[in-house]
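Trainee: What follows is protein15.txt; its format and atoms are compact mmCIF, C-alpha atoms and all ligand atoms.
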```
# COMPACT_ATOMS: atom_id res chain seq x y z
CA MET A 21 170.78 -3.68 189.30
CA PRO A 22 169.45 -2.27 186.01
CA ASN A 23 171.28 0.68 184.47
CA PRO A 24 170.58 3.97 186.25
CA ILE A 25 167.81 6.13 184.78
CA PRO A 26 169.24 9.29 183.14
CA VAL A 27 167.46 12.31 184.65
CA ILE A 28 167.60 16.11 184.46
CA LEU A 29 166.20 18.16 187.33
CA ASP A 30 164.56 21.51 186.46
CA CYS A 31 164.09 23.44 189.68
CA ASP A 32 163.75 26.67 191.65
CA PRO A 33 165.65 26.03 194.91
CA GLY A 34 163.74 26.36 197.23
CA HIS A 35 163.97 24.26 200.38
CA ASP A 36 162.14 21.24 198.98
CA ASP A 37 164.01 21.52 195.68
CA ALA A 38 167.24 21.30 197.70
CA LEU A 39 166.05 18.07 199.28
CA ALA A 40 164.97 16.78 195.85
CA ILE A 41 168.47 17.43 194.46
CA THR A 42 169.99 15.65 197.47
CA LEU A 43 167.74 12.62 197.04
CA ALA A 44 168.46 12.42 193.31
CA LEU A 45 172.22 12.49 193.90
CA ALA A 46 171.96 9.93 196.69
CA ARG A 47 170.00 7.29 194.77
CA PRO A 48 171.90 4.68 192.74
CA GLU A 49 168.84 4.20 190.53
CA LEU A 50 169.35 7.67 189.02
CA ASP A 51 172.07 9.22 186.85
CA VAL A 52 171.75 13.00 187.18
CA LEU A 53 172.87 14.44 183.81
CA GLY A 54 172.34 18.02 184.92
CA ILE A 55 170.29 20.62 186.75
CA THR A 56 168.47 23.48 185.07
CA THR A 57 167.10 26.41 187.04
CA VAL A 58 164.06 28.64 186.64
CA GLY A 59 162.58 31.66 188.35
CA GLY A 60 159.96 30.61 190.85
CA ASN A 61 160.42 30.48 194.62
CA SER A 62 162.91 33.29 194.06
CA GLY A 63 164.43 35.10 191.10
CA LEU A 64 166.55 33.17 188.62
CA ALA A 65 169.87 34.51 189.95
CA ASN A 66 168.95 33.25 193.43
CA THR A 67 167.65 29.84 192.34
CA THR A 68 170.78 29.28 190.25
CA TYR A 69 173.10 30.43 193.06
CA ASN A 70 171.20 28.16 195.47
CA ALA A 71 171.54 25.13 193.18
CA LEU A 72 175.30 25.72 193.00
CA ARG A 73 175.51 26.09 196.80
CA ILE A 74 173.66 22.80 197.34
CA LEU A 75 176.07 21.05 194.97
CA ALA A 76 179.01 22.56 196.87
CA LEU A 77 177.51 21.31 200.15
CA LEU A 78 177.12 17.80 198.70
CA GLY A 79 180.57 17.77 197.13
CA ARG A 80 179.15 17.47 193.60
CA PRO A 81 180.47 20.47 191.65
CA ASP A 82 180.76 18.09 188.69
CA ILE A 83 177.00 18.25 188.06
CA PRO A 84 176.30 20.73 185.22
CA VAL A 85 173.96 23.60 186.07
CA ALA A 86 172.33 25.77 183.40
CA ALA A 87 170.15 28.79 184.18
CA GLY A 88 166.91 29.15 182.25
CA SER A 89 163.94 31.47 182.22
CA ASP A 90 163.72 34.40 184.59
CA HIS A 91 160.01 34.89 183.92
CA PRO A 92 157.01 32.85 182.74
CA LEU A 93 156.14 32.54 179.05
CA THR A 94 153.60 35.36 179.03
CA ARG A 95 153.43 36.72 182.57
CA LYS A 96 155.61 38.51 185.09
CA LEU A 97 157.33 36.38 187.71
CA GLU A 98 155.74 36.12 191.14
CA THR A 99 158.02 34.65 193.81
CA ALA A 100 157.44 33.16 197.28
CA PRO A 101 159.72 34.95 199.77
CA GLU A 102 157.20 34.40 202.54
CA VAL A 103 157.81 30.65 202.18
CA HIS A 104 161.49 30.36 201.26
CA GLY A 105 162.91 33.74 202.36
CA GLU A 106 164.38 36.54 200.28
CA SER A 107 167.29 34.36 199.08
CA GLY A 108 164.97 31.50 198.17
CA LEU A 109 166.91 29.27 200.57
CA ASP A 110 166.99 31.12 203.89
CA GLY A 111 167.74 29.60 207.27
CA ALA A 112 171.10 27.84 207.01
CA ASP A 113 174.83 28.45 206.65
CA LEU A 114 175.33 27.15 203.12
CA PRO A 115 178.79 27.11 201.47
CA GLU A 116 179.61 29.36 198.57
CA PRO A 117 179.55 27.70 195.13
CA ILE A 118 182.68 25.86 193.97
CA SER A 119 181.40 25.60 190.40
CA GLU A 120 179.75 27.95 187.92
CA ALA A 121 176.63 27.72 185.84
CA ARG A 122 177.19 26.87 182.21
CA PRO A 123 177.14 29.78 179.73
CA GLU A 124 174.27 28.43 177.66
CA HIS A 125 170.57 28.83 178.45
CA ALA A 126 168.86 25.89 180.12
CA VAL A 127 166.80 25.16 177.01
CA GLU A 128 169.98 24.84 174.94
CA PHE A 129 171.51 22.61 177.62
CA LEU A 130 168.38 20.46 177.60
CA ARG A 131 168.38 20.27 173.79
CA ALA A 132 172.04 19.27 173.58
CA THR A 133 171.82 16.77 176.45
CA LEU A 134 168.66 15.11 175.15
CA SER A 135 170.11 14.90 171.64
CA ALA A 136 173.35 13.33 172.87
CA ALA A 137 171.79 10.86 175.31
CA THR A 138 172.01 7.19 174.35
CA GLU A 139 168.48 6.55 175.70
CA PRO A 140 165.40 8.64 176.47
CA VAL A 141 165.90 10.94 179.47
CA THR A 142 163.49 11.51 182.38
CA LEU A 143 162.80 15.17 183.18
CA ILE A 144 161.93 16.00 186.80
CA PRO A 145 160.62 19.58 186.93
CA THR A 146 159.99 20.89 190.45
CA GLY A 147 159.36 24.56 189.75
CA PRO A 148 157.31 26.56 187.26
CA LEU A 149 157.37 24.74 183.91
CA THR A 150 158.66 27.64 181.82
CA ASN A 151 161.92 25.95 180.73
CA ILE A 152 160.18 22.71 179.79
CA GLY A 153 157.38 24.53 177.99
CA LEU A 154 159.93 26.54 176.02
CA LEU A 155 161.89 23.37 175.16
CA LEU A 156 158.79 21.55 173.89
CA ARG A 157 157.51 24.58 171.95
CA THR A 158 160.93 25.25 170.37
CA TYR A 159 161.98 21.67 169.69
CA PRO A 160 158.83 19.51 169.47
CA GLU A 161 160.85 16.78 167.79
CA LEU A 162 162.70 16.24 171.07
CA THR A 163 159.65 14.62 172.67
CA ALA A 164 161.08 11.38 171.21
CA ARG A 165 164.15 11.87 173.40
CA ILE A 166 162.13 12.33 176.62
CA GLY A 167 161.07 9.08 178.27
CA HIS A 168 159.02 10.55 181.13
CA ILE A 169 158.20 13.91 182.70
CA CYS A 170 157.63 13.52 186.44
CA LEU A 171 156.67 17.00 187.63
CA MET A 172 155.83 18.43 191.01
CA GLY A 173 152.80 20.63 190.54
CA GLY A 174 149.05 20.89 190.50
CA ALA A 175 146.37 19.27 192.62
CA MET A 176 143.09 17.42 192.17
CA ARG A 177 141.34 19.47 194.78
CA ALA A 178 142.47 22.71 196.47
CA GLY A 179 145.47 24.86 195.69
CA ASN A 180 148.19 26.29 197.96
CA TRP A 181 148.84 29.64 196.28
CA THR A 182 145.22 30.44 195.53
CA PRO A 183 142.18 28.42 196.54
CA ALA A 184 142.24 27.02 192.99
CA ALA A 185 145.91 26.58 192.10
CA GLU A 186 149.22 25.15 193.25
CA PHE A 187 152.20 27.55 193.03
CA ASN A 188 154.28 25.96 190.23
CA ILE A 189 151.33 25.72 187.86
CA TRP A 190 149.93 29.11 188.92
CA VAL A 191 153.19 30.91 188.09
CA ASP A 192 153.20 29.68 184.48
CA PRO A 193 149.93 28.00 183.46
CA GLU A 194 150.66 28.44 179.75
CA ALA A 195 153.87 26.44 180.06
CA ALA A 196 152.10 23.82 182.14
CA ARG A 197 149.41 23.40 179.49
CA ILE A 198 152.12 22.71 176.88
CA VAL A 199 153.69 20.07 179.12
CA PHE A 200 150.47 18.27 180.07
CA ASN A 201 149.48 18.03 176.40
CA CYS A 202 152.87 17.18 174.84
CA GLY A 203 152.29 13.46 174.41
CA VAL A 204 155.25 12.37 176.57
CA PRO A 205 154.29 10.16 179.58
CA VAL A 206 153.61 12.68 182.35
CA THR A 207 153.23 12.06 186.08
CA MET A 208 151.66 14.83 188.15
CA ILE A 209 153.06 14.83 191.69
CA GLY A 210 150.49 17.19 193.12
CA LEU A 211 149.46 18.43 196.53
CA ASP A 212 147.21 15.38 196.96
CA VAL A 213 150.31 13.24 197.53
CA THR A 214 152.86 15.80 198.69
CA HIS A 215 150.79 16.71 201.73
CA GLN A 216 151.29 13.08 202.82
CA ALA A 217 155.09 13.37 202.36
CA LEU A 218 155.72 15.24 205.59
CA MET A 219 158.84 16.05 207.61
CA GLY A 220 158.71 18.05 210.85
CA LEU A 221 160.57 18.81 214.07
CA PRO A 222 161.45 15.14 214.83
CA GLU A 223 163.18 14.99 211.47
CA VAL A 224 164.95 18.27 212.18
CA ASP A 225 166.40 16.61 215.28
CA ARG A 226 167.34 13.44 213.37
CA LEU A 227 169.12 15.43 210.68
CA ARG A 228 171.04 17.47 213.25
CA ALA A 229 172.02 14.27 215.08
CA LEU A 230 173.83 13.09 211.94
CA GLY A 231 176.67 15.37 213.06
CA THR A 232 177.70 16.21 209.49
CA ARG A 233 177.66 19.55 207.69
CA PRO A 234 174.89 18.38 205.30
CA GLY A 235 172.94 17.09 208.29
CA THR A 236 173.26 20.39 210.14
CA VAL A 237 172.45 22.49 207.05
CA PHE A 238 169.36 20.45 206.18
CA ALA A 239 168.25 20.48 209.83
CA ASP A 240 168.40 24.28 209.69
CA LEU A 241 166.75 24.48 206.26
CA LEU A 242 163.94 22.15 207.30
CA HIS A 243 163.42 24.04 210.56
CA PHE A 244 163.10 27.28 208.58
CA PHE A 245 160.71 25.60 206.11
CA THR A 246 158.50 24.32 208.97
CA ARG A 247 158.07 27.89 210.23
CA PHE A 248 155.87 28.95 207.32
CA HIS A 249 153.77 25.79 207.59
CA LEU A 250 153.30 26.19 211.33
CA GLU A 251 152.07 29.76 210.82
CA ARG A 252 149.88 28.96 207.80
CA TYR A 253 148.52 25.51 208.65
CA GLY A 254 149.03 25.24 212.41
CA SER A 255 151.42 22.30 212.15
CA ALA A 256 155.19 22.05 211.71
CA ASP A 257 154.67 18.87 209.68
CA THR A 258 155.86 20.16 206.31
CA PRO A 259 155.22 18.72 202.82
CA ILE A 260 158.52 18.07 201.05
CA HIS A 261 156.80 18.49 197.70
CA ASP A 262 159.66 18.25 195.21
CA ALA A 263 161.43 15.24 196.67
CA VAL A 264 158.32 13.14 196.01
CA ALA A 265 158.83 13.62 192.25
CA VAL A 266 162.38 12.27 192.54
CA ALA A 267 161.31 9.44 194.87
CA HIS A 268 158.66 8.31 192.38
CA VAL A 269 161.22 7.99 189.57
CA ALA A 270 163.84 6.29 191.74
CA ILE A 271 161.58 3.86 193.61
CA PRO A 272 158.72 2.46 191.53
CA GLY A 273 155.73 1.52 193.67
CA LEU A 274 156.43 4.03 196.44
CA VAL A 275 153.83 6.45 195.08
CA ARG A 276 150.30 5.34 194.19
CA THR A 277 148.94 6.87 190.97
CA GLU A 278 145.77 6.80 188.91
CA ARG A 279 145.50 7.74 185.23
CA TYR A 280 143.20 10.68 184.57
CA HIS A 281 142.68 13.46 182.03
CA VAL A 282 144.35 16.68 183.17
CA ASP A 283 144.39 20.11 181.59
CA VAL A 284 145.28 23.57 182.89
CA GLU A 285 143.07 26.63 183.27
CA CYS A 286 144.92 29.61 181.76
CA THR A 287 142.30 32.33 181.45
CA GLY A 288 140.19 32.13 184.59
CA GLU A 289 140.20 35.20 186.80
CA ILE A 290 140.10 33.22 190.05
CA THR A 291 140.91 29.79 188.58
CA ARG A 292 144.19 30.64 186.81
CA GLY A 293 146.61 27.72 187.11
CA ARG A 294 144.05 25.16 188.23
CA THR A 295 144.85 21.62 187.12
CA VAL A 296 141.46 20.34 186.06
CA VAL A 297 141.54 16.60 186.77
CA ASP A 298 138.80 14.35 185.41
CA ASP A 299 138.43 11.33 187.68
CA ARG A 300 134.97 10.43 186.37
CA GLY A 301 135.81 9.40 182.81
CA GLN A 302 134.06 12.21 180.94
CA PRO A 303 133.45 11.14 177.33
CA GLY A 304 135.97 12.66 174.92
CA LEU A 305 138.61 13.32 177.59
CA ALA A 306 141.18 10.55 177.15
CA PRO A 307 143.37 10.08 180.25
CA ASN A 308 146.78 11.68 179.58
CA VAL A 309 148.46 11.94 183.00
CA ASP A 310 149.35 9.63 185.90
CA VAL A 311 148.13 11.53 188.94
CA ALA A 312 149.88 10.76 192.25
CA LEU A 313 147.47 10.09 195.10
CA GLY A 314 149.30 8.28 197.88
CA ILE A 315 152.65 7.69 199.60
CA ASP A 316 153.72 6.13 202.90
CA ARG A 317 154.84 9.02 205.11
CA ASP A 318 157.27 7.01 207.23
CA ALA A 319 158.90 5.33 204.25
CA PHE A 320 159.33 8.73 202.63
CA SER A 321 160.88 10.45 205.64
CA GLU A 322 163.25 7.52 206.20
CA LEU A 323 164.27 7.81 202.55
CA MET A 324 165.04 11.51 203.00
CA ILE A 325 167.03 11.07 206.21
CA ALA A 326 169.06 8.30 204.57
CA ALA A 327 169.72 10.49 201.53
CA VAL A 328 171.16 13.34 203.62
CA ALA A 329 173.08 10.83 205.75
CA SER A 330 174.79 9.49 202.62
CA PHE A 331 176.77 12.74 202.29
CA ALA A 332 179.67 13.40 204.63
O1 LIG B 401 153.64 24.25 195.60
C1 LIG B 401 154.88 23.71 195.96
C2 LIG B 401 155.90 23.97 194.91
O2 LIG B 401 156.12 25.36 194.77
C3 LIG B 401 157.28 23.39 195.28
O3 LIG B 401 157.96 23.03 194.11
C4 LIG B 401 157.97 24.54 195.94
O4 LIG B 401 159.40 24.44 195.84
C5 LIG B 401 157.47 25.68 195.11
O5 LIG B 401 158.26 25.74 193.93
CA CA B 402 160.18 23.95 193.68
```
Would you mind giving the structure from this file in structure tokens?
Mentor:
Amino acid sequence: MPNPIPVILDCDPGHDDALAITLALARPELDVLGITTVGGNSGLANTTYNALRILALLGRPDIPVAAGSDHPLTRKLETAPEVHGESGLDGADLPEPISEARPEHAVEFLRATLSAATEPVTLIPTGPLTNIGLLLRTYPELTARIGHICLMGGAMRAGNWTPAAEFNIWVDPEAARIVFNCGVPVTMIGLDVTHQALMGLPEVDRLRALGTRPGTVFADLLHFFTRFHLERYGSADTPIHDAVAVAHVAIPGLVRTERYHVDVECTGEITRGRTVVDDRGQPGLAPNVDVALGIDRDAFSELMIAAVASFA
């Protein structure tokens, strides 16, 4: 097996972020150097606390966690309690943390870790891109130390927070524009593919049947997460958005992508946060992003069940 890929997760746990963290720690193809947190699904204190609780649940207090930005680059933070609950990770009996976040800001942790790495690092952002935008704006020379940015966000067609925009990009479109235009290889894991990466009530039952604490906790978390989707979309089949970004890095070929030009609308009144994807080869718009379009639902859900099952 080739050497594991060094990765850093930047996230806003968040139910699907929690599954993304679990998948990343379960896969031998990845070497998780650390987790940075950002305000998004909930405030920064909650997303950081939730990341630490997930690591306690998985028995991985050794993974460094650094808290980052509590608000977007130029806007106030808007959170999603209606989706993830007031805590950002409602619905389960999670353990208390057994580790603490590092004292330094996430951007400083990212700078130091990228600088010390013996090979380029893959960043896997699954929340608003504020931390990554700040890193790239503050230390543009570090793009040489980043091998790939595989981010969950955006969409070719409709949004999920507004008719035009997906939540992560909508929260901080200015940061997203920095990331999409930074010159590092970027993969956009958008709603086009994540709404094929579904887990629902059968998977809740399969997780609970594992008979382990992680299995029970993720059965409860997934059941809570399905509630919003059942009310909003009429189906309990729930997109596990963030885990698709991790799966794409760990398992090449699982996700189908096409290379298009992507930029971010930052000033539109009703189009703020839209990822404008050119799939028609407009002259003068060189493709800059690999846009994820397809995944096998069954292969994905089996991957997720196996990941949770790998923790006692
Ligand atoms: O639109 C889905 C994204 O927004 C996911 O990352 C979810 O966790 C929320 O952050
Ligand atoms: Ca997220």
Trainee: For ligand LIG 401 (chain B), which of A:Ile144, A:Leu43, A:Ala136, A:Val269 is the closest residue, counting all atoms listed in the file?
Mentor: A:Ile144
Trainee: Show me a table, sorted first by chain and then by increasing residue number, of the residues of range 201-306 of chain A having an atom at most 12 Å from range 94-104 of chain A, each with its shortest atom pair and the distance in Å to one decimal, counting all atoms listed in the file and written as a tab-separated table.
Mentor:
```
residue	atom	partner	partner_atom	distance
A:Leu241	CA	A:His104	CA	9.3
A:Leu242	CA	A:His104	CA	10.5
A:His243	CA	A:His104	CA	11.4
A:Phe244	CA	A:His104	CA	8.1
A:Phe245	CA	A:His104	CA	6.8
A:Thr246	CA	A:Val103	CA	9.3
A:Arg247	CA	A:Val103	CA	8.5
A:Phe248	CA	A:Val103	CA	5.8
A:His249	CA	A:Val103	CA	8.3
A:Leu250	CA	A:Val103	CA	11.1
A:Glu251	CA	A:Val103	CA	10.4
A:Arg252	CA	A:Val103	CA	9.9
A:Thr258	CA	A:Val103	CA	11.4
A:Cys286	CA	A:Thr94	CA	10.8
A:Thr287	CA	A:Thr94	CA	11.9
A:Arg292	CA	A:Arg95	CA	11.8
```
Trainee: Just to confirm, what's the straight-line distance from CA of Pro81 in chain A to CA of Ser119 in chain A in Å (one decimal)?
Mentor: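 So the answer is 5.4 Å.
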Trainee: Which neighbours of range 238-240 of chain A fall inside 6 Å, counting all atoms listed in the file, when residues of the same chain fewer than 3 positions from it are skipped, and could you give them as an NGL selection string?
Mentor: :A and (111-112 or 224 or 227-228 or 234-235 or 243)
Trainee: Around ligand CA 402 (chain B), at most 9 Å away and counting all atoms listed in the file, which residues are there? Put them as a count of residues only, please.
Mentor: 22
Trainee: Around (165.2, -2.0, 186.5) in the file's own coordinates, what residues are found within 10 Å if you use all atoms listed in the file, given back as a tab-separated table (two decimals) with C-alpha atoms, in the coordinates of the input?
Mentor:
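The resulting result_11.tsv:
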```tsv
chain	number	residue	atom	x	y	z
A	21	MET	CA	170.78	-3.68	189.30
A	22	PRO	CA	169.45	-2.27	186.01
A	23	ASN	CA	171.28	0.68	184.47
A	24	PRO	CA	170.58	3.97	186.25
A	25	ILE	CA	167.81	6.13	184.78
A	49	GLU	CA	168.84	4.20	190.53
A	270	ALA	CA	163.84	6.29	191.74
A	271	ILE	CA	161.58	3.86	193.61
A	272	PRO	CA	158.72	2.46	191.53
```
